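Have a look at the structure below before the remarks.
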Amino acid sequence: MIKNEDLVKSDVNSLWHPLVQHKQLEQNPLKQFEKGAGSHIVDEKGQAYLDGVSGLWCVNVGYGRTELAETAMKQMTELAYLPATMSHKETVLLAEKLLDLLGYEGKVFFSNSGSEANEVAFKIARQYHAQKEGHQGRYKIISRYRGYHGNTMGALSATAQAERKIKYEPLVPGFSHIQPPYHYRCTCGKEVKECGLDCANILETTILQEGKESVAAVIMEPIIAGGGVIVPPDGYLQRVREICDQYGVLLIFDEVVNGFARTGKMFGHQHWGVEPDIITFAKGLSSGYMPISATAVKQHVFEAFLDDPGTYSHFRHISTYGGHPVATAVARHNIRIIEEEQLADRAAEIGAYLLEKLKQLLAYPIVGDVRGKGMLLGIELVEDKSTKTPLNAQICAQIVKQCLDEHVIIGRNANTVPGFANILILAPPLVLTYEEADYLAETLKKAIEAHSL
């Protein structure tokens, strides 16, 4: 049996972790975790931690779902692999289920990660316009500042978080960014809805300034997640849809974090009744139990790819593991759990309860704003409420560490916008109980209170 100290040494000697400065790891090694159940994960000493961010925003149905493991094992023994150039029952039925949940006719293309799903969306958008009469020459993609769309070169180009890009530039040409509907830091002094409409109209201005005949698509998360949990006001997404329709621009919704009941509805955009032309999924699609992502398009987009054999009109993109039969079987079962246990309703109910608890933190001088929908919540910390100067990043990190010491894992928007790593993020498993929500809120309260003196 491997001793924990040997495992820690091997970790430091052999493993390259993301988002971590390894120079500190010999003195402060990462915790080793061994198992999970419900909303908790357990370390090698048997200590349970409440996971307030669902891993990386993905373990929607919670840990320890043996039925998903059994589904994977069954599929592995029957057919462990099949390329997407062939067909398999589980993959077909998952595609059909996604379109049924979306409520429209279209097609689904499977990949392995959110980054890949967005890369697929960009390729589809550019090829769609190249093959649509009168639309040739459209290639530009517009996204929003603070939005995150992935770590591959195209997805990183769409990502508008400067710290993610440092030392990787120059990136892919043809991407530009606009301001998000971030009312807490709006300087116009308008009401929320008015402010949101102004931000939406910036999209129209940008399309015109870029040249309307050159813009292929707009990509946005319905609710910006890693960039600070920025919730759009009512009317914002509706106006974005109108502008895209007016100028023949495809609208892509990145539901990698928002999707699969996270926000209190099956998909984030359903809060505002706006349908995209293209939509991307990952994370909650399988609740992290298998790597899988999807890019769904409406039928009118797909039809631009139909032509005679021997042309280049078909979509010439393939992924070795895209549509993997084990991953699609697990994802389909995962969706069944979400529906049968009504986890969207649960996220809405307990999320609203937790949000009200967290709003009590506004009484502290370092808490500037509390916001969110369902089980996607953000707490913005400031030096001064009147100036809204972001709280020092080291103090924010200390609050996260204090919560960890109390066996609660929370997130923070680090490695995003320089000088703005000041937003605490909560995205717990959707099976969170009221008692766990109380403990999460109370732990946060103690940590914030300790740094408000």
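Chain labels run A, B, ... following the order of the structure tokens; each chain numbers its residues from 1, and ligands are numbered from 1 in the order shown.
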
Region 195-212 of chain A: which residues within 8 Å, counting only C-alpha atoms, same-chain residues fewer than 3 positions away excluded, as an NGL selection string? :A and (178-183 or 186 or 188 or 190-192 or 215 or 232-237 or 239-240 or 243 or 247)

Just the residues within 10 Å of Lys446 (chain A), please, counting only C-alpha atoms, with nothing from its chain fewer than 4 positions along; format it as a PyMOL selection string. chain A and resi 399+402-403+406+441-442+450-452

I'd like the neighbourhood of Arg144 (chain A) as an mmCIF file with all heavy atoms, in the first residue's frame, where a residue qualifies if any of its atoms comes within 10 Å (using only C-alpha atoms), though same-chain residues fewer than 4 positions away should be ignored.
```cif
data_model
loop_
_atom_site.group_PDB
_atom_site.id
_atom_site.type_symbol
_atom_site.label_atom_id
_atom_site.label_comp_id
_atom_site.auth_asym_id
_atom_site.auth_seq_id
_atom_site.Cartn_x
_atom_site.Cartn_y
_atom_site.Cartn_z
ATOM 1 N N TYR A 148 -15.457 33.692 -19.936
ATOM 2 C CA TYR A 148 -14.481 32.619 -20.165
ATOM 3 C C TYR A 148 -15.103 31.588 -21.096
ATOM 4 O O TYR A 148 -16.214 31.114 -20.866
ATOM 5 C CB TYR A 148 -14.090 31.939 -18.846
ATOM 6 C CG TYR A 148 -13.107 30.806 -19.030
ATOM 7 C CD1 TYR A 148 -11.765 31.062 -19.260
ATOM 8 C CD2 TYR A 148 -13.526 29.481 -18.990
ATOM 9 C CE1 TYR A 148 -10.852 30.025 -19.448
ATOM 10 C CE2 TYR A 148 -12.624 28.442 -19.173
ATOM 11 C CZ TYR A 148 -11.292 28.721 -19.396
ATOM 12 O OH TYR A 148 -10.394 27.696 -19.585
ATOM 13 N N ALA A 158 -11.514 34.031 -27.629
ATOM 14 C CA ALA A 158 -12.848 34.531 -27.286
ATOM 15 C C ALA A 158 -12.930 34.919 -25.815
ATOM 16 O O ALA A 158 -13.704 35.794 -25.435
ATOM 17 C CB ALA A 158 -13.897 33.471 -27.603
ATOM 18 N N THR A 159 -12.143 34.252 -24.984
ATOM 19 C CA THR A 159 -12.110 34.570 -23.552
ATOM 20 C C THR A 159 -11.579 35.987 -23.351
ATOM 21 O O THR A 159 -10.549 36.349 -23.905
ATOM 22 C CB THR A 159 -11.209 33.566 -22.806
ATOM 23 O OG1 THR A 159 -11.818 32.271 -22.884
ATOM 24 C CG2 THR A 159 -11.024 33.961 -21.357
ATOM 25 N N ALA A 160 -12.279 36.777 -22.554
ATOM 26 C CA ALA A 160 -11.865 38.163 -22.328
ATOM 27 C C ALA A 160 -11.478 38.357 -20.875
ATOM 28 O O ALA A 160 -12.050 39.154 -20.141
ATOM 29 C CB ALA A 160 -12.978 39.125 -22.742
ATOM 30 N N GLN A 161 -10.515 37.551 -20.448
ATOM 31 C CA GLN A 161 -9.930 37.643 -19.115
ATOM 32 C C GLN A 161 -8.424 37.749 -19.319
ATOM 33 O O GLN A 161 -7.761 36.770 -19.664
ATOM 34 C CB GLN A 161 -10.281 36.406 -18.287
ATOM 35 C CG GLN A 161 -11.771 36.228 -18.041
ATOM 36 C CD GLN A 161 -12.100 34.945 -17.293
ATOM 37 O OE1 GLN A 161 -11.249 34.087 -17.099
ATOM 38 N NE2 GLN A 161 -13.349 34.816 -16.870
ATOM 39 N N SER A 176 -13.189 39.978 -31.026
ATOM 40 C CA SER A 176 -13.258 41.270 -30.330
ATOM 41 C C SER A 176 -14.219 41.144 -29.163
ATOM 42 O O SER A 176 -14.996 40.186 -29.071
ATOM 43 C CB SER A 176 -13.695 42.391 -31.281
ATOM 44 O OG SER A 176 -14.974 42.107 -31.827
ATOM 45 N N HIS A 177 -14.186 42.128 -28.252
ATOM 46 C CA HIS A 177 -14.927 42.021 -27.000
ATOM 47 C C HIS A 177 -15.710 43.302 -26.703
ATOM 48 O O HIS A 177 -15.303 44.397 -27.096
ATOM 49 C CB HIS A 177 -13.964 41.752 -25.846
ATOM 50 C CG HIS A 177 -12.948 40.698 -26.141
ATOM 51 N ND1 HIS A 177 -13.290 39.391 -26.405
ATOM 52 C CD2 HIS A 177 -11.593 40.755 -26.233
ATOM 53 C CE1 HIS A 177 -12.203 38.690 -26.642
ATOM 54 N NE2 HIS A 177 -11.153 39.498 -26.545
ATOM 55 N N ILE A 178 -16.829 43.119 -25.990
ATOM 56 C CA ILE A 178 -17.645 44.238 -25.545
ATOM 57 C C ILE A 178 -17.863 44.138 -24.041
ATOM 58 O O ILE A 178 -17.605 43.101 -23.427
ATOM 59 C CB ILE A 178 -19.009 44.281 -26.268
ATOM 60 C CG1 ILE A 178 -19.801 42.998 -25.997
ATOM 61 C CG2 ILE A 178 -18.817 44.509 -27.765
ATOM 62 C CD1 ILE A 178 -21.231 43.018 -26.527
ATOM 63 N N GLN A 179 -18.365 45.217 -23.439
ATOM 64 C CA GLN A 179 -18.621 45.234 -22.003
ATOM 65 C C GLN A 179 -19.813 44.339 -21.652
ATOM 66 O O GLN A 179 -20.792 44.269 -22.397
ATOM 67 C CB GLN A 179 -18.891 46.653 -21.522
ATOM 68 C CG GLN A 179 -17.693 47.573 -21.579
ATOM 69 C CD GLN A 179 -16.561 47.096 -20.670
ATOM 70 O OE1 GLN A 179 -16.805 46.569 -19.583
ATOM 71 N NE2 GLN A 179 -15.329 47.289 -21.114
ATOM 72 N N PRO A 180 -19.754 43.658 -20.504
ATOM 73 C CA PRO A 180 -20.899 42.863 -20.050
ATOM 74 C C PRO A 180 -21.908 43.742 -19.314
ATOM 75 O O PRO A 180 -21.595 44.871 -18.936
ATOM 76 C CB PRO A 180 -20.241 41.879 -19.076
ATOM 77 C CG PRO A 180 -19.123 42.671 -18.476
ATOM 78 C CD PRO A 180 -18.606 43.566 -19.578
ATOM 79 N N PRO A 181 -23.105 43.219 -19.055
ATOM 80 C CA PRO A 181 -24.112 43.978 -18.297
ATOM 81 C C PRO A 181 -23.848 43.859 -16.803
ATOM 82 O O PRO A 181 -24.555 43.173 -16.064
ATOM 83 C CB PRO A 181 -25.425 43.293 -18.689
ATOM 84 C CG PRO A 181 -25.019 41.871 -18.935
ATOM 85 C CD PRO A 181 -23.644 41.926 -19.526
ATOM 86 N N LEU A 203 -23.383 46.127 -28.410
ATOM 87 C CA LEU A 203 -23.166 45.063 -29.398
ATOM 88 C C LEU A 203 -23.467 45.570 -30.800
ATOM 89 O O LEU A 203 -22.695 45.333 -31.745
ATOM 90 C CB LEU A 203 -24.046 43.854 -29.070
ATOM 91 C CG LEU A 203 -24.063 42.746 -30.128
ATOM 92 C CD1 LEU A 203 -22.670 42.160 -30.341
ATOM 93 C CD2 LEU A 203 -25.051 41.645 -29.734
ATOM 94 N N VAL A 218 -21.806 35.968 -32.261
ATOM 95 C CA VAL A 218 -21.615 36.503 -30.907
ATOM 96 C C VAL A 218 -21.690 35.316 -29.964
ATOM 97 O O VAL A 218 -22.574 34.466 -30.101
ATOM 98 C CB VAL A 218 -22.711 37.518 -30.544
ATOM 99 C CG1 VAL A 218 -22.612 37.921 -29.084
ATOM 100 C CG2 VAL A 218 -22.634 38.733 -31.448
ATOM 101 N N ILE A 219 -20.744 35.215 -29.028
ATOM 102 C CA ILE A 219 -20.796 34.149 -28.024
ATOM 103 C C ILE A 219 -20.855 34.764 -26.635
ATOM 104 O O ILE A 219 -20.149 35.730 -26.333
ATOM 105 C CB ILE A 219 -19.593 33.184 -28.131
ATOM 106 C CG1 ILE A 219 -19.741 32.044 -27.103
ATOM 107 C CG2 ILE A 219 -18.259 33.907 -27.969
ATOM 108 C CD1 ILE A 219 -18.759 30.907 -27.283
ATOM 109 N N MET A 220 -21.724 34.208 -25.790
ATOM 110 C CA MET A 220 -21.832 34.674 -24.406
ATOM 111 C C MET A 220 -22.430 33.599 -23.524
ATOM 112 O O MET A 220 -23.246 32.783 -23.978
ATOM 113 C CB MET A 220 -22.651 35.958 -24.309
ATOM 114 C CG MET A 220 -24.048 35.892 -24.868
ATOM 115 S SD MET A 220 -24.932 37.493 -24.709
ATOM 116 C CE MET A 220 -23.911 38.600 -25.663
ATOM 117 N N GLU A 221 -21.997 33.561 -22.261
ATOM 118 C CA GLU A 221 -22.678 32.778 -21.250
ATOM 119 C C GLU A 221 -23.939 33.552 -20.857
ATOM 120 O O GLU A 221 -23.868 34.772 -20.667
ATOM 121 C CB GLU A 221 -21.808 32.615 -20.016
ATOM 122 C CG GLU A 221 -20.481 31.913 -20.223
ATOM 123 C CD GLU A 221 -19.612 32.018 -18.987
ATOM 124 O OE1 GLU A 221 -18.927 33.052 -18.831
ATOM 125 O OE2 GLU A 221 -19.626 31.077 -18.166
ATOM 126 N N ILE A 224 -22.508 35.126 -16.764
ATOM 127 C CA ILE A 224 -21.055 34.983 -16.725
ATOM 128 C C ILE A 224 -20.690 34.293 -15.418
ATOM 129 O O ILE A 224 -21.072 34.741 -14.340
ATOM 130 C CB ILE A 224 -20.368 36.357 -16.835
ATOM 131 C CG1 ILE A 224 -20.544 36.917 -18.260
ATOM 132 C CG2 ILE A 224 -18.888 36.248 -16.490
ATOM 133 C CD1 ILE A 224 -19.980 38.311 -18.438
#
```

Shortest contact to His314 (chain A), candidates A:Gln131, A:Gln299, A:Gln21, A:Asn118, atoms counted only C-alpha atoms, goes to A:Gln131

Would you tabulate, counting only C-alpha atoms, all residues of region 298-405 of chain A that have an atom at most 8 Å from an atom of region 288-291 of chain A, showing the closest pair of atoms and their distance in Å to one decimal, sorted by chain then ascending number, as JSON lines?
```
{"residue": "A:Val326", "atom": "CA", "partner": "A:Met290", "partner_atom": "CA", "distance": 8.0}
{"residue": "A:Ala327", "atom": "CA", "partner": "A:Met290", "partner_atom": "CA", "distance": 5.4}
{"residue": "A:Val330", "atom": "CA", "partner": "A:Met290", "partner_atom": "CA", "distance": 7.0}
{"residue": "A:Ala331", "atom": "CA", "partner": "A:Met290", "partner_atom": "CA", "distance": 7.6}
```

May I have the residues from that selection written out with C-alpha atoms, as a PDB file, in the first residue's frame?
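Here's the written file result-v3.pdb:
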```pdb
ATOM      1  CA  VAL A 326     -19.367   5.202 -22.475  1.00  0.00           C
ATOM      2  CA  ALA A 327     -19.482   8.984 -22.045  1.00  0.00           C
ATOM      3  CA  VAL A 330     -23.279   8.101 -18.570  1.00  0.00           C
ATOM      4  CA  ALA A 331     -24.464  11.547 -19.701  1.00  0.00           C
TER       5      ALA A 331
END
```

Selection near Gly137 (chain A), 10 Å with only C-alpha atoms, sequence-local residues under 6 positions removed, as a PyMOL selection string: chain A and resi 126+129-130+213-216

Residue selection dump (all heavy atoms) as a compact mmCIF listing (two decimals), in the first residue's frame:
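Produced file again.txt, reproduced below:
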```txt
# COMPACT_ATOMS: atom_id res chain seq x y z
N ARG A 126 -18.24 30.06 -38.84
CA ARG A 126 -17.49 30.58 -39.99
C ARG A 126 -17.84 29.83 -41.26
O ARG A 126 -18.03 30.44 -42.32
CB ARG A 126 -15.99 30.51 -39.69
CG ARG A 126 -15.54 31.57 -38.68
CD ARG A 126 -14.04 31.52 -38.43
NE ARG A 126 -13.62 32.66 -37.61
CZ ARG A 126 -12.37 32.87 -37.21
NH1 ARG A 126 -11.41 32.02 -37.54
NH2 ARG A 126 -12.07 33.93 -36.48
N HIS A 129 -21.41 30.79 -42.67
CA HIS A 129 -21.47 32.03 -43.45
C HIS A 129 -20.74 31.88 -44.78
O HIS A 129 -21.19 32.45 -45.79
CB HIS A 129 -20.87 33.18 -42.63
CG HIS A 129 -21.75 33.63 -41.51
ND1 HIS A 129 -22.95 34.27 -41.72
CD2 HIS A 129 -21.60 33.53 -40.16
CE1 HIS A 129 -23.51 34.55 -40.55
NE2 HIS A 129 -22.71 34.11 -39.58
N ALA A 130 -19.65 31.14 -44.79
CA ALA A 130 -18.91 30.95 -46.05
C ALA A 130 -19.76 30.23 -47.09
O ALA A 130 -19.55 30.40 -48.30
CB ALA A 130 -17.63 30.16 -45.78
N GLU A 213 -20.87 43.23 -42.41
CA GLU A 213 -20.68 42.13 -43.35
C GLU A 213 -19.49 41.25 -42.99
O GLU A 213 -19.20 40.26 -43.66
CB GLU A 213 -20.48 42.68 -44.78
CG GLU A 213 -19.21 43.49 -44.99
CD GLU A 213 -19.24 44.87 -44.35
OE1 GLU A 213 -20.34 45.38 -44.08
OE2 GLU A 213 -18.15 45.44 -44.12
N SER A 214 -18.79 41.57 -41.86
CA SER A 214 -17.63 40.77 -41.46
C SER A 214 -17.86 39.97 -40.18
O SER A 214 -17.03 39.15 -39.80
CB SER A 214 -16.41 41.68 -41.24
OG SER A 214 -16.57 42.48 -40.09
N VAL A 215 -19.01 40.18 -39.50
CA VAL A 215 -19.25 39.54 -38.20
C VAL A 215 -20.05 38.26 -38.39
O VAL A 215 -21.14 38.26 -38.94
CB VAL A 215 -19.99 40.49 -37.24
CG1 VAL A 215 -20.26 39.81 -35.90
CG2 VAL A 215 -19.18 41.78 -37.03
N ALA A 216 -19.47 37.15 -37.90
CA ALA A 216 -20.11 35.84 -38.05
C ALA A 216 -21.00 35.49 -36.86
O ALA A 216 -22.09 34.96 -37.04
CB ALA A 216 -19.04 34.76 -38.21
```

Using DSSP assignments from the backbone, pull out every residue in region 80-143 of chain A that falls under strand (DSSP E) and give it to me as a PDB file with N, CA and C atoms, in the first residue's frame.
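Dumped everything to states-v8.pdb:
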```pdb
ATOM      1  N   GLY A 106     -32.844  20.262 -34.744  1.00  0.00           N
ATOM      2  CA  GLY A 106     -31.466  20.629 -35.013  1.00  0.00           C
ATOM      3  C   GLY A 106     -30.566  19.408 -35.032  1.00  0.00           C
ATOM      4  N   LYS A 107     -29.287  19.615 -34.777  1.00  0.00           N
ATOM      5  CA  LYS A 107     -28.304  18.534 -34.758  1.00  0.00           C
ATOM      6  C   LYS A 107     -27.337  18.770 -33.596  1.00  0.00           C
ATOM      7  N   VAL A 108     -26.730  17.673 -33.114  1.00  0.00           N
ATOM      8  CA  VAL A 108     -25.796  17.736 -31.994  1.00  0.00           C
ATOM      9  C   VAL A 108     -24.475  17.106 -32.403  1.00  0.00           C
ATOM     10  N   PHE A 109     -23.376  17.810 -32.108  1.00  0.00           N
ATOM     11  CA  PHE A 109     -22.018  17.326 -32.384  1.00  0.00           C
ATOM     12  C   PHE A 109     -21.305  17.164 -31.040  1.00  0.00           C
ATOM     13  N   PHE A 110     -20.739  15.974 -30.791  1.00  0.00           N
ATOM     14  CA  PHE A 110     -20.119  15.691 -29.497  1.00  0.00           C
ATOM     15  C   PHE A 110     -18.599  15.853 -29.520  1.00  0.00           C
ATOM     16  N   SER A 111     -18.070  16.393 -28.415  1.00  0.00           N
ATOM     17  CA  SER A 111     -16.627  16.534 -28.194  1.00  0.00           C
ATOM     18  C   SER A 111     -16.332  16.101 -26.756  1.00  0.00           C
ATOM     19  N   LYS A 140     -15.669  37.188 -38.071  1.00  0.00           N
ATOM     20  CA  LYS A 140     -15.364  37.740 -36.747  1.00  0.00           C
ATOM     21  C   LYS A 140     -16.335  37.217 -35.680  1.00  0.00           C
ATOM     22  N   ILE A 141     -15.780  36.998 -34.493  1.00  0.00           N
ATOM     23  CA  ILE A 141     -16.558  36.536 -33.341  1.00  0.00           C
ATOM     24  C   ILE A 141     -16.466  37.605 -32.245  1.00  0.00           C
ATOM     25  N   ILE A 142     -17.614  37.998 -31.712  1.00  0.00           N
ATOM     26  CA  ILE A 142     -17.660  38.991 -30.635  1.00  0.00           C
ATOM     27  C   ILE A 142     -18.038  38.283 -29.330  1.00  0.00           C
ATOM     28  N   SER A 143     -17.286  38.559 -28.270  1.00  0.00           N
ATOM     29  CA  SER A 143     -17.611  38.034 -26.943  1.00  0.00           C
ATOM     30  C   SER A 143     -17.588  39.183 -25.934  1.00  0.00           C
TER      31      SER A 143
END
```

Applying 6 Å and only C-alpha atoms, which residues near Thr280 (chain A) remain after dropping the ones on its own chain fewer than 5 positions away? List them as a list in words.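 So the residues in contact are Ala117, Asp254, Glu255, Ala294 and Thr295 of chain A.
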
Using only C-alpha atoms, find the one residue out of A:Asn334, A:Ser54, A:Ser293, A:Gln238 that sits nearest to Ala69 (chain A). A:Asn334

Rounded to one decimal in Å, what is the spacing between CA of Ile335 (chain A) and CA of Leu98 (chain A)? 9.2 Å

Near Arg332 (chain A), within 7 Å and counting only C-alpha atoms, which residues show up once chain neighbours fewer than 4 positions away are dropped, as a tab-separated table (two decimals) with all heavy atoms, in the first residue's frame?
```
chain	number	residue	atom	x	y	z
A	94	LEU	N	-28.80	10.25	-26.76
A	94	LEU	CA	-28.41	11.46	-26.03
A	94	LEU	C	-28.63	12.70	-26.89
A	94	LEU	O	-29.14	13.72	-26.41
A	94	LEU	CB	-26.95	11.37	-25.59
A	94	LEU	CG	-26.42	12.61	-24.85
A	94	LEU	CD1	-27.22	12.90	-23.59
A	94	LEU	CD2	-24.94	12.45	-24.50
A	328	THR	N	-21.44	8.99	-23.51
A	328	THR	CA	-22.83	9.34	-23.84
A	328	THR	C	-23.81	8.53	-23.00
A	328	THR	O	-24.87	9.05	-22.61
A	328	THR	CB	-23.11	9.15	-25.34
A	328	THR	OG1	-22.75	7.82	-25.75
A	328	THR	CG2	-22.33	10.15	-26.17
A	336	ARG	N	-31.17	11.78	-16.74
A	336	ARG	CA	-32.33	11.11	-16.16
A	336	ARG	C	-32.39	11.37	-14.65
A	336	ARG	O	-33.47	11.62	-14.09
A	336	ARG	CB	-32.26	9.61	-16.45
A	336	ARG	CG	-33.53	8.87	-16.03
A	336	ARG	CD	-33.69	7.55	-16.78
A	336	ARG	NE	-32.69	6.55	-16.39
A	336	ARG	CZ	-31.73	6.10	-17.19
A	336	ARG	NH1	-31.60	6.58	-18.42
A	336	ARG	NH2	-30.89	5.17	-16.76
```

List every residue of region 77-256 of chain A that DSSP, applied to the backbone of this structure, assigns to helix (DSSP H, G or I), and report them as a ChimeraX atom specification. /A:77-78,89-102,114-130,153-158,162-165,183-185,192-210,212-214,236-247

Determine the nearest neighbour of Leu440 (chain A) from the options A:Ile350, A:Ala95, A:Leu50, A:Ala421, counting only C-alpha atoms.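 Going through A:Ile350, A:Ala95, A:Leu50, A:Ala421 one by one, the smallest distance to Leu440 (chain A) is for A:Leu50.
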
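Between Tyr63 (chain A) and the candidates A:Cys396, A:Pro429, A:Glu380, A:Val20, the tightest atom-to-atom separation, counting only C-alpha atoms, involves A:Pro429.
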
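Every protein or nucleic acid residue with an atom no more than 8 Å from Pro390 (chain A), counting only C-alpha atoms and leaving out same-chain residues fewer than 3 positions away, appears here: Leu381, Val382, Glu383, Asp384, Gly419, Phe420, Ala421 and Asn422 of chain A.
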
Residue subset to file, keeping N, CA, C and O atoms, as a CSV table (one decimal), in the first residue's frame:
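Saved to part-v8.csv:
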```csv
chain,number,residue,atom,x,y,z
A,381,LEU,N,-16.2,41.3,-2.9
A,381,LEU,CA,-15.6,41.9,-1.8
A,381,LEU,C,-14.8,43.2,-2.2
A,381,LEU,O,-14.2,43.3,-3.2
A,382,VAL,N,-15.0,44.2,-1.3
A,382,VAL,CA,-14.4,45.6,-1.7
A,382,VAL,C,-13.7,46.1,-0.5
A,382,VAL,O,-13.9,45.8,0.7
A,383,GLU,N,-12.7,47.1,-0.7
A,383,GLU,CA,-12.1,47.8,0.3
A,383,GLU,C,-13.0,48.8,0.9
A,383,GLU,O,-13.0,49.1,2.1
A,384,ASP,N,-13.8,49.4,0.1
A,384,ASP,CA,-14.7,50.5,0.5
A,384,ASP,C,-16.0,50.5,-0.4
A,384,ASP,O,-15.9,50.4,-1.6
A,419,GLY,N,-6.2,42.8,-10.9
A,419,GLY,CA,-6.7,43.7,-9.9
A,419,GLY,C,-8.1,43.4,-9.5
A,419,GLY,O,-8.7,44.1,-8.6
A,420,PHE,N,-8.8,42.4,-10.0
A,420,PHE,CA,-10.2,42.1,-9.7
A,420,PHE,C,-10.4,40.7,-9.3
A,420,PHE,O,-11.4,40.1,-9.6
A,421,ALA,N,-9.5,40.1,-8.5
A,421,ALA,CA,-9.6,38.7,-8.0
A,421,ALA,C,-10.4,38.8,-6.7
A,421,ALA,O,-9.9,38.2,-5.7
A,422,ASN,N,-11.5,39.4,-6.7
A,422,ASN,CA,-12.2,39.8,-5.4
A,422,ASN,C,-13.6,39.2,-5.3
A,422,ASN,O,-14.4,39.7,-4.5
```

In Å, rounded to a single decimal, give me how far CA of Ala437 (chain A) is from CA of Leu354 (chain A).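 So the answer is 6.0 Å.
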
Counting only C-alpha atoms, which of A:Glu90, A:Val229, A:Glu78, A:His317 gets nearest to Val120 (chain A)? A:His317

Just to confirm, what's the straight-line distance from CA of Met76 (chain A) to CA of Ile41 (chain A) in Å (one decimal)?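 Atom-to-atom, CA of Met76 (chain A) to CA of Ile41 (chain A), that is 26.0 Å.
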